[in-house]
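**Q** Can you read through this structure? Questions will come right after.
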Amino acid sequence: MTRARPAARGARPRPGRARPALALLTAAVLVLGAGACGGRATTHHKPGTSHAEDTGSNGRLLKADDGDGHRLRQVDADGAPEVDLAVRPDSEDGWNVHLTVRHFRFTPDSVGGGALAGRGHARLFLDGHPLARVYGAWFHLPASLLRAAGGGTRLTAGLYADDHTAWAVGSAPVRAAATLGDASASPDPDVTTIELAIKDGKVSPAPGRTEIEKGRTVRLRVRSDRDDVLHVHGYDREAKLPAGRTVTVTFTADRTGLFEVETHESDLLLTQLAVR
């Protein structure tokens, strides 16, 4: 009778027995690795789509774009991101640009991710041409950058989501504009500037009367939360008011009298100009 020999010490196990354990170990590593990846999966664009095509769940992605290839992401006017733009000459070089935002937060650490409500960055355009990307309220615009862009005077700022789509209200991008040539370190003594805002059918500040000396320049800056038309009676000045954008109307008060400034669509009295 032949007895079976015990396995020799140090003998290698058969390959077939090691495979199930190796497979289980590999699966565990993959699961743990997926859960431990860096970044925020909830904010990154979906596989197979570009940043500008990440539909997400915030707003509605439109077919139209901002004129520079970035699709519009439309949201309701109530609580939508807003921006105002102010520029003034820098004491050493170029211009200092200040962005005042509402219902919006700059998130430079999330750029390239998904579109989260009220977050993102800004873009500057000079005479309609892309100039710079901005990640905060202040931006120094050097003269060298203006020269490199070919020059220009009309500076526009727009708000964008982290996925590079443009926030929009009423099918128009959320933007504000300023003219570099009109900016100054101190208010122009020959210009009367009146700033008005329309929201939920109400005018802020409340409609009143502004006394203006004949011959002065009047600058009306109006922002509406819905599409409308601005009309200055007596001077026959009209301007479209795209929702969510600040529109500036400038003219010389060369006629005396009491003139109303109103909107056509909503039929709101904005202010009265008493030119003496």
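By convention in this document, the chains of the structure tokens carry letters A, B, ... by their order, each chain's residues are numbered from 1, and ligands are numbered from 1 in the order they are shown.
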Using only C-alpha atoms, what table do you get, as JSON lines, when you list each residue of stretch 125-177 of chain A with an atom no more than 10 Å from stretch 243-266 of chain A, its nearest pair of atoms, and their distance in Å rounded to one decimal, rows by chain then rising number?

**A**
```
{"residue": "A:Gly158", "atom": "CA", "partner": "A:Arg245", "partner_atom": "CA", "distance": 9.6}
{"residue": "A:Ala168", "atom": "CA", "partner": "A:Gly244", "partner_atom": "CA", "distance": 7.9}
{"residue": "A:Val169", "atom": "CA", "partner": "A:Ala243", "partner_atom": "CA", "distance": 6.0}
{"residue": "A:Gly170", "atom": "CA", "partner": "A:Ala243", "partner_atom": "CA", "distance": 5.9}
{"residue": "A:Ser171", "atom": "CA", "partner": "A:Ala243", "partner_atom": "CA", "distance": 8.6}
{"residue": "A:Ala172", "atom": "CA", "partner": "A:Ala243", "partner_atom": "CA", "distance": 7.1}
{"residue": "A:Pro173", "atom": "CA", "partner": "A:Gly244", "partner_atom": "CA", "distance": 7.9}
{"residue": "A:Val174", "atom": "CA", "partner": "A:Gly244", "partner_atom": "CA", "distance": 5.6}
{"residue": "A:Arg175", "atom": "CA", "partner": "A:Arg245", "partner_atom": "CA", "distance": 5.4}
{"residue": "A:Ala176", "atom": "CA", "partner": "A:Thr246", "partner_atom": "CA", "distance": 5.4}
{"residue": "A:Ala177", "atom": "CA", "partner": "A:Thr246", "partner_atom": "CA", "distance": 7.3}
```

**Q** When you look at A:Gly201 with a cut-off of 12 Å (counting only C-alpha atoms), what residues show up, excluding the ones that are within fewer than 4 positions of it in the same chain? I need them as an MDAnalysis selection string.

**A** chainID A and resid 78 197 206 224:228 263 265:270

**Q** With all heavy atoms retained, write the just-selected residues as a short mmCIF file (atom, residue, chain, number, x, y, z; two decimals), in the first residue's frame.

**A**
```cif
data_model
loop_
_atom_site.label_atom_id
_atom_site.label_comp_id
_atom_site.auth_asym_id
_atom_site.auth_seq_id
_atom_site.Cartn_x
_atom_site.Cartn_y
_atom_site.Cartn_z
N ASP A 78 -36.00 86.06 -11.20
CA ASP A 78 -36.03 86.17 -9.75
C ASP A 78 -34.86 85.40 -9.14
O ASP A 78 -34.78 84.18 -9.26
CB ASP A 78 -37.36 85.61 -9.22
CG ASP A 78 -37.52 85.83 -7.73
OD1 ASP A 78 -36.85 86.72 -7.18
OD2 ASP A 78 -38.33 85.11 -7.10
N ALA A 197 -33.35 100.91 -10.91
CA ALA A 197 -33.51 99.46 -11.05
C ALA A 197 -34.99 99.11 -10.99
O ALA A 197 -35.76 99.70 -10.23
CB ALA A 197 -32.77 98.73 -9.93
N ALA A 206 -37.65 104.95 -5.47
CA ALA A 206 -39.02 105.28 -5.87
C ALA A 206 -39.03 106.50 -6.79
O ALA A 206 -38.19 107.39 -6.65
CB ALA A 206 -39.86 105.55 -4.62
N SER A 224 -33.37 96.31 -15.58
CA SER A 224 -34.69 95.73 -15.43
C SER A 224 -34.60 94.21 -15.32
O SER A 224 -33.71 93.59 -15.90
CB SER A 224 -35.56 96.10 -16.65
OG SER A 224 -36.82 95.46 -16.59
N ASP A 225 -35.53 93.62 -14.56
CA ASP A 225 -35.53 92.16 -14.42
C ASP A 225 -36.36 91.48 -15.51
O ASP A 225 -36.53 90.26 -15.49
CB ASP A 225 -36.03 91.74 -13.03
CG ASP A 225 -37.47 92.17 -12.77
OD1 ASP A 225 -38.02 92.93 -13.59
OD2 ASP A 225 -38.03 91.75 -11.74
N ARG A 226 -36.87 92.27 -16.44
CA ARG A 226 -37.60 91.71 -17.59
C ARG A 226 -37.34 92.59 -18.81
O ARG A 226 -36.98 93.76 -18.69
CB ARG A 226 -39.11 91.63 -17.31
CG ARG A 226 -39.73 92.93 -16.87
CD ARG A 226 -41.24 92.89 -16.91
NE ARG A 226 -41.73 92.87 -18.28
CZ ARG A 226 -43.04 92.85 -18.60
NH1 ARG A 226 -43.94 92.81 -17.65
NH2 ARG A 226 -43.41 92.85 -19.85
N ASP A 227 -37.53 92.01 -19.99
CA ASP A 227 -37.33 92.78 -21.22
C ASP A 227 -38.32 93.94 -21.28
O ASP A 227 -39.51 93.78 -20.99
CB ASP A 227 -37.54 91.88 -22.45
CG ASP A 227 -36.44 90.84 -22.59
OD1 ASP A 227 -35.37 91.05 -21.99
OD2 ASP A 227 -36.66 89.83 -23.28
N ASP A 228 -37.82 95.09 -21.66
CA ASP A 228 -38.68 96.27 -21.72
C ASP A 228 -38.03 97.30 -22.65
O ASP A 228 -36.99 97.03 -23.26
CB ASP A 228 -38.88 96.86 -20.33
CG ASP A 228 -40.30 97.42 -20.15
OD1 ASP A 228 -40.80 98.07 -21.09
OD2 ASP A 228 -40.89 97.22 -19.07
N THR A 263 -41.17 103.27 -18.92
CA THR A 263 -40.99 102.05 -19.71
C THR A 263 -42.25 101.84 -20.55
O THR A 263 -43.36 102.19 -20.12
CB THR A 263 -40.76 100.83 -18.82
OG1 THR A 263 -41.84 100.69 -17.89
CG2 THR A 263 -39.45 100.96 -18.06
N GLU A 265 -43.32 98.68 -22.12
CA GLU A 265 -44.01 97.41 -21.92
C GLU A 265 -44.73 97.35 -20.57
O GLU A 265 -45.89 96.98 -20.48
CB GLU A 265 -43.02 96.25 -22.05
CG GLU A 265 -42.36 96.15 -23.41
CD GLU A 265 -43.35 95.87 -24.53
OE1 GLU A 265 -44.37 95.21 -24.26
OE2 GLU A 265 -43.11 96.34 -25.66
N SER A 266 -44.03 97.71 -19.51
CA SER A 266 -44.62 97.64 -18.16
C SER A 266 -45.32 98.94 -17.76
O SER A 266 -45.97 98.98 -16.73
CB SER A 266 -43.54 97.29 -17.13
OG SER A 266 -42.46 98.21 -17.21
N ASP A 267 -45.15 100.00 -18.58
CA ASP A 267 -45.81 101.28 -18.34
C ASP A 267 -45.52 101.81 -16.93
O ASP A 267 -46.43 102.21 -16.19
CB ASP A 267 -47.33 101.14 -18.55
CG ASP A 267 -48.02 102.49 -18.71
OD1 ASP A 267 -47.34 103.46 -19.13
OD2 ASP A 267 -49.21 102.59 -18.41
N LEU A 268 -44.25 101.84 -16.59
CA LEU A 268 -43.83 102.32 -15.28
C LEU A 268 -43.19 103.70 -15.40
O LEU A 268 -42.39 103.95 -16.31
CB LEU A 268 -42.82 101.37 -14.64
CG LEU A 268 -43.32 100.00 -14.20
CD1 LEU A 268 -42.12 99.13 -13.74
CD2 LEU A 268 -44.33 100.12 -13.08
N LEU A 269 -43.51 104.59 -14.47
CA LEU A 269 -42.84 105.87 -14.37
C LEU A 269 -41.55 105.65 -13.58
O LEU A 269 -41.59 105.20 -12.43
CB LEU A 269 -43.72 106.90 -13.67
CG LEU A 269 -43.04 108.27 -13.37
CD1 LEU A 269 -42.68 108.98 -14.67
CD2 LEU A 269 -43.96 109.13 -12.49
N LEU A 270 -40.41 105.98 -14.19
CA LEU A 270 -39.13 105.77 -13.51
C LEU A 270 -38.68 107.02 -12.76
O LEU A 270 -38.24 106.92 -11.62
CB LEU A 270 -38.07 105.36 -14.53
CG LEU A 270 -38.38 104.13 -15.40
CD1 LEU A 270 -37.18 103.77 -16.24
CD2 LEU A 270 -38.82 102.96 -14.54
#
```

**Q** May I have the residues within 12 Å of A:Leu72 as a ChimeraX atom specification, using only C-alpha atoms and disregarding those fewer than 3 positions away in the same chain?

**A** /A:52-55,58-69,75,115,158-161,163-174

**Q** Report as a PyMOL selection string all protein, DNA and RNA residues lying within 7 Å of stretch 94-101 of chain A, evaluated on only C-alpha atoms, omitting residues in the same chain fewer than 6 positions from it.

**A** chain A and resi 82-88+137-143

**Q** Write the residues of the preceding selection, restricted to C-alpha atoms, as an mmCIF file, in the first residue's frame.

**A**
```
data_model
loop_
_atom_site.group_PDB
_atom_site.id
_atom_site.type_symbol
_atom_site.label_atom_id
_atom_site.label_comp_id
_atom_site.auth_asym_id
_atom_site.auth_seq_id
_atom_site.Cartn_x
_atom_site.Cartn_y
_atom_site.Cartn_z
ATOM 1 C CA GLU A 82 -26.494 90.158 -11.600
ATOM 2 C CA VAL A 83 -23.399 92.229 -12.320
ATOM 3 C CA ASP A 84 -22.502 95.918 -12.432
ATOM 4 C CA LEU A 85 -19.267 97.226 -13.931
ATOM 5 C CA ALA A 86 -17.213 100.252 -12.896
ATOM 6 C CA VAL A 87 -13.846 101.346 -14.287
ATOM 7 C CA ARG A 88 -11.403 104.061 -13.318
ATOM 8 C CA ALA A 137 -14.402 91.504 -7.797
ATOM 9 C CA TRP A 138 -11.291 93.468 -8.830
ATOM 10 C CA PHE A 139 -9.186 93.237 -11.968
ATOM 11 C CA HIS A 140 -6.291 95.418 -13.130
ATOM 12 C CA LEU A 141 -6.449 96.019 -16.861
ATOM 13 C CA PRO A 142 -2.960 97.070 -18.011
ATOM 14 C CA ALA A 143 -2.474 99.289 -21.035
#
```

**Q** If you measure from atom CA of A:His103 to atom CA of A:Ala117, what distance in Å do you get, rounded to one decimal?

**A**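 Computing it gives 8.9 Å between the two atoms.
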
**Q** If DSSP is run on the backbone, what residues of stretch 54-268 of chain A are strand (DSSP E)? A reply as JSON, numbers by chain would be ideal.

**A** {"A": [60, 61, 62, 63, 64, 65, 71, 72, 73, 74, 82, 83, 84, 85, 86, 87, 88, 89, 95, 96, 97, 98, 99, 100, 101, 102, 105, 106, 119, 120, 121, 122, 123, 124, 125, 126, 129, 130, 131, 132, 133, 134, 138, 139, 140, 141, 154, 155, 156, 157, 158, 159, 160, 166, 167, 168, 169, 172, 173, 175, 176, 177, 178, 179, 191, 192, 193, 194, 195, 196, 197, 198, 199, 202, 203, 204, 209, 210, 211, 212, 217, 218, 219, 220, 221, 222, 223, 224, 228, 229, 230, 231, 232, 237, 238, 239, 240, 241, 246, 247, 248, 249, 250, 251, 252, 257, 258, 259, 260, 261, 262, 263]}

**Q** Closest to A:Ala80 among A:Pro205, A:Gly152, A:Gly112, A:Gly118, using only C-alpha atoms?

**A**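 Residue with the minimum atom-to-atom distance to A:Ala80: A:Gly118.
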
**Q** Could you jot down the atom CA of A:Arg237 to atom CA of A:Thr193 separation for me, Å, one decimal place?

**A** 15.9 Å

**Q** Could you check which of A:Leu124, A:Ala274, A:Lys199, A:Ala178 is closest to A:Arg216, using only C-alpha atoms?

**A** A:Ala274

**Q** Would you pick out the contacts of A:Leu196 at 8 Å or less, using only C-alpha atoms, so that residues sharing its chain but fewer than 6 positions from it are not included, and give the list as a PyMOL selection string?

**A** chain A and resi 203-205+220-223+270

**Q** Give the answer as one residue: which of A:Gly114, A:Pro130, A:Gly234, A:Pro242 has the shortest atom-to-atom distance to A:Arg73, using only C-alpha atoms?

**A** A:Gly114

**Q** Between A:Asp93, A:Asp109, A:Asp200, A:Asp162, which has the minimum distance to A:Arg123 (counting only C-alpha atoms)?

**A**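 Using only C-alpha atoms, A:Arg123 sits closest to A:Asp162.
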